[in-house]
>>> print(open('start05.cif').read())   # mmCIF, C-alpha atoms
data_data
loop_
_atom_site.label_atom_id
_atom_site.label_comp_id
_atom_site.auth_asym_id
_atom_site.auth_seq_id
_atom_site.Cartn_x
_atom_site.Cartn_y
_atom_site.Cartn_z
CA MET I 1 199.35 29.44 -124.31
CA ALA I 2 199.05 25.65 -124.30
CA TRP I 3 196.96 25.86 -127.45
CA GLU I 4 199.54 27.98 -129.20
CA ALA I 5 202.34 25.61 -128.24
CA LEU I 6 200.30 22.67 -129.53
CA LEU I 7 199.60 24.44 -132.82
CA LEU I 8 203.27 25.39 -133.31
CA LEU I 9 204.31 21.82 -132.53
CA LEU I 10 201.73 20.57 -135.05
CA ILE I 11 203.05 22.91 -137.74
CA VAL I 12 206.63 21.69 -137.36
CA VAL I 13 205.98 18.00 -136.64
CA ALA I 14 203.07 17.37 -139.01
CA GLY I 15 204.60 19.44 -141.81
CA THR I 16 207.99 17.77 -141.62
CA SER I 17 206.67 14.23 -141.19
CA GLY I 18 204.26 14.82 -144.08
CA GLU I 19 207.13 15.76 -146.38
CA LEU I 20 209.14 12.79 -145.11
CA CYS I 21 206.24 10.46 -145.96
CA VAL I 22 205.98 11.97 -149.45
CA THR I 23 209.73 11.48 -149.88
CA ARG I 24 209.41 7.87 -148.80
CA ALA I 25 206.66 7.34 -151.37
CA MET I 26 208.85 8.78 -154.13
CA LYS I 27 211.79 6.65 -152.99
CA THR I 28 209.71 3.48 -153.43
CA ILE I 29 209.11 4.55 -157.03
CA GLY I 30 212.81 5.03 -157.64
CA GLU I 31 214.93 7.48 -159.56
CA VAL I 32 213.12 9.18 -162.43
CA LYS I 33 215.29 9.09 -165.56
CA ASP I 34 212.82 9.69 -168.38
CA PHE I 35 211.50 13.25 -168.51
CA ARG I 36 209.13 12.97 -171.46
CA PRO I 37 205.59 14.15 -170.52
CA ALA I 38 203.97 10.74 -170.94
CA ALA I 39 206.59 9.09 -168.73
CA LEU I 40 206.19 11.81 -166.09
CA LEU I 41 202.42 11.26 -166.07
CA ARG I 42 203.04 7.54 -165.55
CA VAL I 43 205.34 8.34 -162.61
CA LEU I 44 202.67 10.58 -161.04
CA PHE I 45 200.03 7.91 -161.59
CA ARG I 46 202.22 5.39 -159.77
CA ALA I 47 202.99 7.92 -157.04
CA VAL I 48 199.33 8.45 -156.10
CA GLN I 49 198.95 4.69 -155.65
CA VAL I 50 201.53 4.59 -152.84
CA PRO I 51 199.84 4.83 -149.39
CA TRP I 52 202.77 6.87 -147.96
CA MET I 53 201.90 9.62 -150.44
CA TRP I 54 198.36 10.02 -149.07
CA LEU I 55 199.53 9.87 -145.47
CA GLY I 56 202.06 12.59 -146.31
CA ILE I 57 199.50 14.80 -148.06
CA ALA I 58 197.08 14.38 -145.12
CA LEU I 59 199.80 15.39 -142.64
CA MET I 60 200.76 18.39 -144.79
CA ALA I 61 197.07 19.44 -144.86
CA ILE I 62 196.93 19.21 -141.05
CA ALA I 63 200.05 21.37 -140.83
CA PHE I 64 198.49 23.90 -143.21
CA PHE I 65 195.33 24.25 -141.12
CA ALA I 66 197.42 24.44 -137.94
CA LEU I 67 199.35 27.30 -139.56
CA LEU I 68 196.08 29.08 -140.38
CA GLY I 69 194.91 28.55 -136.78
CA ALA I 70 198.17 29.83 -135.32
CA LEU I 71 198.11 32.87 -137.59
CA SER I 72 194.63 33.74 -136.32
CA ILE I 73 195.96 33.74 -132.72
CA GLU I 74 199.48 35.10 -133.04
CA ASN I 75 201.48 37.50 -135.21
CA VAL I 76 203.08 36.28 -138.40
CA SER I 77 206.44 37.54 -137.18
CA PHE I 78 206.23 35.18 -134.23
CA VAL I 79 204.71 32.13 -135.95
CA VAL I 80 206.81 31.81 -139.06
CA PRO I 81 210.31 31.90 -137.50
CA VAL I 82 209.26 28.87 -135.46
CA THR I 83 208.78 27.00 -138.74
CA ALA I 84 212.52 27.49 -139.35
CA LEU I 85 212.86 24.68 -136.84
CA SER I 86 211.37 22.36 -139.45
CA TYR I 87 214.71 22.45 -141.32
CA ALA I 88 216.45 20.90 -138.33
CA ALA I 89 213.53 18.51 -137.85
CA GLY I 90 213.75 17.59 -141.55
CA ALA I 91 217.44 16.71 -141.36
CA LEU I 92 216.86 14.66 -138.20
CA GLY I 93 213.86 12.91 -139.75
CA GLY I 94 215.78 12.18 -142.95
CA GLU I 95 218.48 10.54 -140.88
CA ILE I 96 216.12 8.46 -138.75
CA PHE I 97 213.17 7.73 -141.03
CA LEU I 98 214.83 7.60 -144.47
CA GLY I 99 218.29 6.32 -143.54
CA GLU I 100 220.11 9.31 -145.04
CA ARG I 101 223.63 9.98 -143.80
CA VAL I 102 223.64 13.61 -142.76
CA SER I 103 227.30 14.56 -142.56
CA ARG I 104 228.67 17.22 -140.21
CA ARG I 105 229.02 19.59 -143.16
CA ARG I 106 225.38 19.12 -144.13
CA TRP I 107 224.30 19.75 -140.52
CA MET I 108 226.30 22.98 -140.57
CA GLY I 109 224.46 24.04 -143.73
CA VAL I 110 221.07 23.14 -142.25
CA LEU I 111 221.80 25.19 -139.11
CA LEU I 112 222.91 28.14 -141.24
CA VAL I 113 219.63 27.91 -143.17
CA CYS I 114 217.68 27.84 -139.86
CA VAL I 115 219.47 30.98 -138.65
CA GLY I 116 218.96 32.70 -142.00
CA VAL I 117 215.23 31.94 -142.17
CA THR I 118 214.81 33.28 -138.63
CA LEU I 119 216.67 36.47 -139.56
CA VAL I 120 214.50 36.91 -142.68
CA PHE I 121 211.34 36.81 -140.61
CA ILE I 122 212.69 38.90 -137.76
CA GLY I 123 213.70 41.49 -140.35
CA GLY I 124 210.08 42.18 -141.21
CA LYS I 125 209.27 44.53 -144.05
CA MET C 1 194.68 -35.69 -186.59
CA ARG C 2 192.88 -32.68 -185.38
CA LEU C 3 195.50 -32.13 -182.72
CA LEU C 4 198.19 -32.33 -185.36
CA LEU C 5 196.37 -29.83 -187.53
CA CYS C 6 196.08 -27.59 -184.58
CA SER C 7 199.74 -27.77 -183.88
CA LEU C 8 200.49 -27.15 -187.55
CA ASP C 9 198.22 -24.17 -187.39
CA ILE C 10 199.99 -22.83 -184.39
CA SER C 11 203.42 -23.34 -185.89
CA SER C 12 202.42 -21.66 -189.13
CA SER C 13 200.89 -18.73 -187.33
CA ARG C 14 203.96 -18.51 -185.18
CA SER C 15 206.24 -18.39 -188.21
CA GLU C 16 204.04 -15.71 -189.72
CA HIS C 17 204.29 -13.80 -186.52
CA ASN C 18 208.04 -14.15 -186.60
CA ASP C 19 208.15 -12.92 -190.18
CA GLY C 20 206.10 -9.95 -189.19
CA LEU C 21 208.50 -9.20 -186.41
CA ARG C 22 211.50 -9.55 -188.66
CA GLN C 23 210.04 -7.12 -191.17
CA ALA C 24 209.20 -4.58 -188.54
CA PRO C 25 212.16 -2.35 -187.72
CA TYR C 26 213.56 -2.90 -184.24
CA VAL C 27 212.62 0.45 -182.83
CA PRO C 28 212.72 -0.04 -179.06
CA LEU C 29 216.21 -1.45 -178.65
CA PRO C 30 218.32 1.19 -180.42
CA GLN C 31 216.22 3.92 -178.88
CA ALA C 32 216.94 2.56 -175.46
CA THR C 33 220.65 2.39 -176.11
CA ILE C 34 220.69 5.93 -177.42
CA ARG C 35 218.65 7.27 -174.55
CA TYR C 36 220.65 5.76 -171.73
CA PRO C 37 224.15 5.00 -172.85
CA VAL C 38 225.47 6.20 -169.52
CA ARG C 39 223.65 3.52 -167.55
CA ARG C 40 225.71 0.73 -169.04
CA TYR C 41 228.82 0.60 -166.94
CA SER C 42 231.54 -1.73 -168.13
CA SER C 43 234.55 -1.81 -165.90
CA VAL C 44 236.91 -2.36 -168.86
CA GLY C 45 238.94 0.56 -170.06
CA PHE C 46 238.92 4.25 -169.37
CA LYS C 47 236.71 5.20 -172.25
CA HIS C 48 233.91 2.77 -171.54
CA GLY C 49 234.06 2.49 -167.77
CA VAL C 50 235.34 5.50 -165.90
CA PHE C 51 234.43 8.10 -168.49
CA ARG C 52 230.84 6.97 -168.74
CA ARG C 53 230.54 6.79 -164.99
CA MET C 54 231.83 10.36 -164.71
CA LYS C 55 229.37 11.47 -167.33
CA SER C 56 226.52 9.81 -165.47
CA VAL C 57 227.59 11.48 -162.21
CA SER C 58 227.59 14.92 -163.80
CA GLU C 59 224.21 14.20 -165.40
CA PHE C 60 222.89 13.21 -161.97
CA HIS C 61 224.08 16.50 -160.47
CA LEU C 62 222.79 18.49 -163.43
CA LYS C 63 219.24 17.17 -163.24
CA THR C 64 219.24 17.66 -159.45
CA TYR C 65 220.31 21.30 -159.75
CA VAL C 66 217.93 22.04 -162.63
CA LEU C 67 214.92 20.64 -160.76
CA ILE C 68 215.84 22.45 -157.53
CA PHE C 69 216.13 25.63 -159.61
CA PHE C 70 212.56 25.05 -160.88
CA VAL C 71 211.37 24.41 -157.29
CA VAL C 72 213.01 27.61 -156.08
CA ILE C 73 211.44 29.67 -158.89
CA PHE C 74 207.94 28.14 -159.03
CA ALA C 75 207.14 28.10 -155.29
CA PRO C 76 207.53 31.85 -154.63
CA LEU C 77 205.90 32.75 -157.96
CA GLY C 78 202.88 30.61 -157.08
CA ASN C 79 202.65 32.06 -153.58
CA VAL C 80 202.97 35.67 -154.76
CA LEU C 81 200.34 35.21 -157.49
CA LEU C 82 197.98 33.47 -155.07
CA SER C 83 198.28 36.22 -152.44
CA LYS C 84 197.88 38.90 -155.12
CA GLY C 85 194.74 37.11 -156.32
CA MET C 86 193.29 36.79 -152.81
CA LYS C 87 193.96 40.47 -152.11
CA SER C 88 192.27 41.54 -155.34
CA VAL C 89 189.27 39.35 -154.49
CA GLY C 90 188.94 40.85 -150.99
CA THR C 91 187.10 39.28 -148.07
CA THR C 92 184.87 42.06 -146.83
CA GLY C 93 181.85 40.96 -144.84
CA LEU C 94 180.77 37.34 -144.94
CA HIS C 95 177.10 37.25 -144.00
CA GLY C 96 175.21 34.15 -145.02
CA PRO C 97 175.66 31.58 -147.76
CA ALA C 98 174.98 34.01 -150.62
CA ASP C 99 178.07 36.07 -149.73
CA PHE C 100 180.12 32.89 -149.44
CA LEU C 101 179.01 31.70 -152.90
CA SER C 102 179.82 35.01 -154.52
CA LEU C 103 183.23 34.99 -152.81
CA CYS C 104 183.91 31.50 -154.19
CA LEU C 105 182.83 32.67 -157.62
CA ARG C 106 185.19 35.65 -157.46
CA ILE C 107 188.05 33.42 -156.28
CA PHE C 108 187.65 30.87 -159.04
CA THR C 109 187.21 33.41 -161.81
CA SER C 110 190.38 35.29 -160.87
CA PRO C 111 193.19 34.65 -163.38
CA PHE C 112 195.85 35.35 -160.70
CA ILE C 113 194.51 32.53 -158.54
CA TRP C 114 194.51 30.04 -161.41
CA LEU C 115 198.04 31.08 -162.41
CA GLY C 116 199.16 30.73 -158.79
CA ILE C 117 197.60 27.27 -158.49
CA GLY C 118 199.27 26.25 -161.76
CA PHE C 119 202.71 27.36 -160.55
CA LEU C 120 202.24 25.64 -157.19
CA LEU C 121 201.23 22.42 -158.97
CA MET C 122 204.36 22.58 -161.12
CA PHE C 123 206.38 23.27 -157.98
CA PHE C 124 204.96 20.18 -156.29
CA VAL C 125 205.62 17.94 -159.31
CA CYS C 126 209.24 19.14 -159.54
CA TYR C 127 209.63 18.62 -155.80
CA LEU C 128 208.31 15.06 -156.07
CA LEU C 129 210.57 14.28 -159.04
CA VAL C 130 213.76 15.50 -157.38
CA LEU C 131 212.85 13.65 -154.17
CA SER C 132 212.63 10.41 -156.16
CA TRP C 133 216.43 10.32 -156.21
CA ALA C 134 217.85 13.02 -153.92
CA ASP C 135 217.96 13.11 -150.11
CA TYR C 136 215.24 15.01 -148.29
CA SER C 137 217.93 16.49 -146.04
CA PHE C 138 219.57 17.85 -149.22
CA VAL C 139 216.48 19.14 -151.07
CA GLN C 140 214.77 20.84 -148.13
CA PRO C 141 217.62 23.19 -147.14
CA ALA C 142 218.50 23.78 -150.80
CA SER C 143 214.96 24.89 -151.58
CA ALA C 144 215.28 27.51 -148.83
CA SER C 145 217.06 29.67 -151.41
CA SER C 146 213.55 30.59 -152.55
CA PHE C 147 213.70 33.16 -149.71
CA GLY C 148 216.47 34.81 -151.69
CA VAL C 149 214.35 34.71 -154.85
CA VAL C 150 211.48 36.36 -152.95
CA ALA C 151 213.76 39.11 -151.63
CA LEU C 152 215.23 39.77 -155.08
CA LEU C 153 211.77 39.73 -156.70
CA GLY C 154 210.46 42.14 -154.07
CA HIS C 155 213.44 44.45 -154.42
CA PHE C 156 213.80 44.60 -158.19
CA ALA C 157 210.34 43.80 -159.58
CA LEU C 158 208.03 45.27 -156.93
CA LYS C 159 210.43 47.96 -155.59
CA GLU C 160 209.63 46.90 -152.02
CA PRO C 161 211.96 48.17 -149.30
CA ILE C 162 213.87 45.29 -147.67
CA SER C 163 215.45 45.73 -144.25
CA PRO C 164 219.18 45.08 -143.69
CA THR C 165 218.35 42.27 -141.24
CA ARG C 166 216.37 40.55 -143.96
CA TRP C 167 219.24 40.90 -146.46
CA LEU C 168 221.57 39.45 -143.80
CA GLY C 169 219.17 36.51 -143.39
CA VAL C 170 219.12 35.93 -147.15
CA ILE C 171 222.93 35.93 -147.23
CA VAL C 172 223.12 33.45 -144.33
CA ILE C 173 220.58 31.20 -146.09
CA CYS C 174 222.62 31.32 -149.30
CA LEU C 175 225.76 30.39 -147.34
CA GLY C 176 223.92 27.47 -145.76
CA VAL C 177 222.63 26.34 -149.16
CA LEU C 178 226.17 26.51 -150.56
CA VAL C 179 227.44 24.33 -147.70
CA VAL C 180 224.61 21.81 -148.15
CA GLY C 181 225.06 21.89 -151.92
CA ASN C 182 228.67 20.81 -151.48
CA THR C 183 227.56 17.48 -150.03
CA HIS C 184 226.46 14.64 -152.28
CA PRO C 185 222.73 14.82 -153.11
CA ARG C 186 222.21 11.13 -152.41
CA THR C 187 223.60 9.24 -149.43
CA THR C 188 221.30 6.20 -149.55
CA GLU C 189 221.82 3.16 -151.72
CA HIS C 190 219.10 2.38 -154.20
CA SER C 191 217.69 -1.08 -154.60
CA ARG C 192 217.35 -0.51 -158.33
#
>>> encode(input="start05.cif", output="structure tokens")
Amino acid sequence: MAWEALLLLLIVVAGTSGELCVTRAMKTIGEVKDFRPAALLRVLFRAVQVPWMWLGIALMAIAFFALLGALSIENVSFVVPVTALSYAAGALGGEIFLGERVSRRRWMGVLLVCVGVTLVFIGGK
Amino acid sequence: MRLLLCSLDISSSRSEHNDGLRQAPYVPLPQATIRYPVRRYSSVGFKHGVFRRMKSVSEFHLKTYVLIFFVVIFAPLGNVLLSKGMKSVGTTGLHGPADFLSLCLRIFTSPFIWLGIGFLLMFFVCYLLVLSWADYSFVQPASASSFGVVALLGHFALKEPISPTRWLGVIVICLGVLVVGNTHPRTTEHSR
């Protein structure tokens, strides 16, 4: 039971913080305005040189393996609704870690998405 | 004397260089002005200030929505192709390294798996690009509409039965995405 809780926590926390780190890396590069292929390649080349990017990818990999581990212990229908929590965690993390201003309306939307994702997975096939 | 010659040399080469520059057409500058006219705000007049700013705002929203649309399409496509590929490969009986090698061979020769990886790569690039300007707390909930895409794909393309609870979930997600989509995609100031 403790193992499962740890794995579920890892999925939500590591997954969300990994994406937040990747976002931070892209924010240091700045808004992409030129969408020609060569310019996009240059943006990607700069992105992989930002340490936040690698930290983020490592955290996302940890979350992925934690998901695989949790799926080997528990049912999909139990594991995946828990990951709906990562939407709330993402909004909170964006506010704290990235300085985004999450308005009341956006919070409402995020909560609706959480509820909807849970319903989708409870619904089964 | 030698120093003077040197300086003469330099000046002559410099003038040659200048001539060369003058003959060459000024390509970069006009291109830049054509490509980003909207970036140049001047606060004078409606036509040159407010109008251009409005245009740049709508362009900002447009590229955000287009890239989120790509994210929402590519991610489920990649996942579906990958799972289809893994199911066609099969994982029956793994005894010893020989089995493992043949499994790897089957995985990496499956066209579905390569297609899936390609779509997931494109998804990740689009995700990175949109996150370079938009809030994470905007992009993450908005990309949840891929659940709707999956349900529609399953219903219409694969003729899978989808339970009413799941449809209700998809509708609630879409409502949430609409609410989030009504907020401004970027709430942080940019240093550049």
>>> residues_around(input="start05.cif", residues="region 97-113 of chain I", least_positions_apart="6", cutoff="10 Å", atoms="all atoms listed in the file", output="PyMOL selection string")
(chain I and resi 17+20-21+23-24+27+84-85+87-91+119) or (chain C and resi 134-138+140-142+144-145+169-184+186-189)
>>> atom_distance(input="start05.cif", atom1="CA of Pro51 (chain I)", atom2="CA of Gly18 (chain I)")
12.1 Å
>>> resolve_selection(input="start05.cif", expression="the PyMOL selection byres ((chain C and resi 150) around 12)", output="ChimeraX atom specification")
/I:120 /C:72-80,144-149,151-160,162,166-167,170
>>> resolve_selection(input="start05.cif", expression="the PyMOL selection byres ((chain I and resi 4) around 12)", output="PyMOL selection string")
chain I and resi 1-3+5-11+66-75+78-79+82
>>> closest_residue(input="start05.cif", among="I:Gly94, I:Gly15, I:Gly56, I:Gly30", to="Val43 (chain I)", atoms="all atoms listed in the file")
I:Gly30
>>> closest_residue(input="start05.cif", among="C:Thr109, C:Ser143, C:Ser56, C:Thr64", to="Met86 (chain C)", atoms="all atoms listed in the file")
C:Thr109
>>> residues_near_point(input="start05.cif", point="(221.5, 13.0, -162.3)", cutoff="10 Å", atoms="only C-alpha atoms", output="PyMOL selection string")
(chain I and resi 31-33) or (chain C and resi 55-66+130+133-134+185)
>>> closest_residue(input="start05.cif", among="I:Asp34, I:Phe65, I:Met26, I:Phe45", to="chain C", atoms="all atoms listed in the file")
I:Met26
>>> atom_distance(input="start05.cif", atom1="CA of Pro164 (chain C)", atom2="CA of Phe123 (chain C)")
29.0 Å
>>> residues_around(input="start05.cif", residues="Leu82 (chain C)", least_positions_apart="3", cutoff="12 Å", atoms="only C-alpha atoms", output="PyMOL selection string")
chain C and resi 74-79+85-89+107-108+110-120
>>> axis_aligned_box(input="start05.cif", around="region 84-100 of chain I", padding_each_side="4 Å", output="JSON")
{"center_x": 215.7, "center_y": 16.9, "center_z": -140.9, "size_x": 16.7, "size_y": 29.2, "size_z": 16.2}
>>> atom_distance(input="start05.cif", atom1="CA of Gln49 (chain I)", atom2="CA of Val71 (chain C)")
23.4 Å
>>> closest_residue(input="start05.cif", among="I:Arg36, I:Ile29, I:Ala58, I:Met53", to="chain C", atoms="only C-alpha atoms")
I:Ile29
>>> closest_residue(input="start05.cif", among="I:Leu44, I:Ala39, I:Ala61, I:Val13", to="chain C", atoms="only C-alpha atoms")
I:Leu44
>>> closest_residue(input="start05.cif", among="I:Pro81, I:Gly123, I:Pro37, I:Gly93", to="chain C", atoms="all atoms listed in the file")
I:Gly123
>>> build_atoms(input="start05.cif", residues="region 57-68 of chain I", atoms="all heavy atoms", output="JSON list (two decimals), in the frame of the given file")
[["chain", "number", "residue", "atom", "x", "y", "z"],
["I", 57, "ILE", "N", 200.33, 13.66, -147.66],
["I", 57, "ILE", "CA", 199.50, 14.80, -148.06],
["I", 57, "ILE", "C", 198.53, 15.15, -146.94],
["I", 57, "ILE", "O", 198.30, 16.33, -146.63],
["I", 57, "ILE", "CB", 198.77, 14.47, -149.38],
["I", 57, "ILE", "CG1", 199.79, 14.46, -150.53],
["I", 57, "ILE", "CG2", 197.68, 15.49, -149.67],
["I", 57, "ILE", "CD1", 199.23, 14.04, -151.87],
["I", 58, "ALA", "N", 198.00, 14.12, -146.24],
["I", 58, "ALA", "CA", 197.08, 14.38, -145.12],
["I", 58, "ALA", "C", 197.80, 15.15, -144.01],
["I", 58, "ALA", "O", 197.27, 16.13, -143.46],
["I", 58, "ALA", "CB", 196.52, 13.07, -144.58],
["I", 59, "LEU", "N", 199.04, 14.72, -143.70],
["I", 59, "LEU", "CA", 199.80, 15.39, -142.64],
["I", 59, "LEU", "C", 200.12, 16.83, -143.03],
["I", 59, "LEU", "O", 200.06, 17.75, -142.20],
["I", 59, "LEU", "CB", 201.10, 14.62, -142.35],
["I", 59, "LEU", "CG", 200.94, 13.37, -141.51],
["I", 59, "LEU", "CD1", 202.20, 12.53, -141.53],
["I", 59, "LEU", "CD2", 200.59, 13.75, -140.08],
["I", 60, "MET", "N", 200.45, 17.04, -144.34],
["I", 60, "MET", "CA", 200.76, 18.39, -144.79],
["I", 60, "MET", "C", 199.51, 19.27, -144.71],
["I", 60, "MET", "O", 199.60, 20.47, -144.39],
["I", 60, "MET", "CB", 201.31, 18.36, -146.22],
["I", 60, "MET", "CG", 202.77, 17.94, -146.26],
["I", 60, "MET", "SD", 203.29, 17.27, -147.83],
["I", 60, "MET", "CE", 203.52, 18.73, -148.76],
["I", 61, "ALA", "N", 198.32, 18.68, -144.97],
["I", 61, "ALA", "CA", 197.07, 19.44, -144.86],
["I", 61, "ALA", "C", 196.83, 19.84, -143.41],
["I", 61, "ALA", "O", 196.44, 20.98, -143.12],
["I", 61, "ALA", "CB", 195.90, 18.61, -145.39],
["I", 62, "ILE", "N", 197.08, 18.89, -142.48],
["I", 62, "ILE", "CA", 196.93, 19.21, -141.05],
["I", 62, "ILE", "C", 197.85, 20.37, -140.66],
["I", 62, "ILE", "O", 197.44, 21.32, -139.98],
["I", 62, "ILE", "CB", 197.25, 17.96, -140.19],
["I", 62, "ILE", "CG1", 196.14, 16.91, -140.36],
["I", 62, "ILE", "CG2", 197.39, 18.34, -138.72],
["I", 62, "ILE", "CD1", 196.45, 15.60, -139.69],
["I", 63, "ALA", "N", 199.10, 20.31, -141.15],
["I", 63, "ALA", "CA", 200.05, 21.37, -140.83],
["I", 63, "ALA", "C", 199.57, 22.71, -141.38],
["I", 63, "ALA", "O", 199.71, 23.75, -140.73],
["I", 63, "ALA", "CB", 201.43, 21.03, -141.40],
["I", 64, "PHE", "N", 198.97, 22.67, -142.59],
["I", 64, "PHE", "CA", 198.49, 23.90, -143.21],
["I", 64, "PHE", "C", 197.38, 24.54, -142.38],
["I", 64, "PHE", "O", 197.40, 25.74, -142.09],
["I", 64, "PHE", "CB", 197.99, 23.59, -144.63],
["I", 64, "PHE", "CG", 197.45, 24.79, -145.35],
["I", 64, "PHE", "CD1", 198.30, 25.79, -145.79],
["I", 64, "PHE", "CD2", 196.09, 24.92, -145.59],
["I", 64, "PHE", "CE1", 197.80, 26.89, -146.45],
["I", 64, "PHE", "CE2", 195.59, 26.01, -146.25],
["I", 64, "PHE", "CZ", 196.45, 27.01, -146.69],
["I", 65, "PHE", "N", 196.42, 23.69, -141.92],
["I", 65, "PHE", "CA", 195.33, 24.25, -141.12],
["I", 65, "PHE", "C", 195.83, 24.70, -139.75],
["I", 65, "PHE", "O", 195.33, 25.69, -139.20],
["I", 65, "PHE", "CB", 194.19, 23.23, -141.00],
["I", 65, "PHE", "CG", 193.43, 23.09, -142.28],
["I", 65, "PHE", "CD1", 193.42, 21.90, -142.99],
["I", 65, "PHE", "CD2", 192.76, 24.18, -142.83],
["I", 65, "PHE", "CE1", 192.74, 21.79, -144.19],
["I", 65, "PHE", "CE2", 192.09, 24.08, -144.02],
["I", 65, "PHE", "CZ", 192.08, 22.87, -144.72],
["I", 66, "ALA", "N", 196.83, 24.00, -139.21],
["I", 66, "ALA", "CA", 197.42, 24.44, -137.94],
["I", 66, "ALA", "C", 198.08, 25.80, -138.12],
["I", 66, "ALA", "O", 198.00, 26.67, -137.24],
["I", 66, "ALA", "CB", 198.44, 23.41, -137.46],
["I", 67, "LEU", "N", 198.72, 26.00, -139.28],
["I", 67, "LEU", "CA", 199.35, 27.30, -139.56],
["I", 67, "LEU", "C", 198.29, 28.39, -139.62],
["I", 67, "LEU", "O", 198.46, 29.47, -139.02],
["I", 67, "LEU", "CB", 200.11, 27.22, -140.88],
["I", 67, "LEU", "CG", 200.82, 28.50, -141.33],
["I", 67, "LEU", "CD1", 201.96, 28.82, -140.39],
["I", 67, "LEU", "CD2", 201.34, 28.36, -142.74],
["I", 68, "LEU", "N", 197.17, 28.09, -140.31],
["I", 68, "LEU", "CA", 196.08, 29.08, -140.38],
["I", 68, "LEU", "C", 195.57, 29.40, -138.98],
["I", 68, "LEU", "O", 195.36, 30.57, -138.64],
["I", 68, "LEU", "CB", 194.93, 28.54, -141.24],
["I", 68, "LEU", "CG", 195.16, 28.47, -142.75],
["I", 68, "LEU", "CD1", 193.87, 28.07, -143.45],
["I", 68, "LEU", "CD2", 195.65, 29.81, -143.27]]
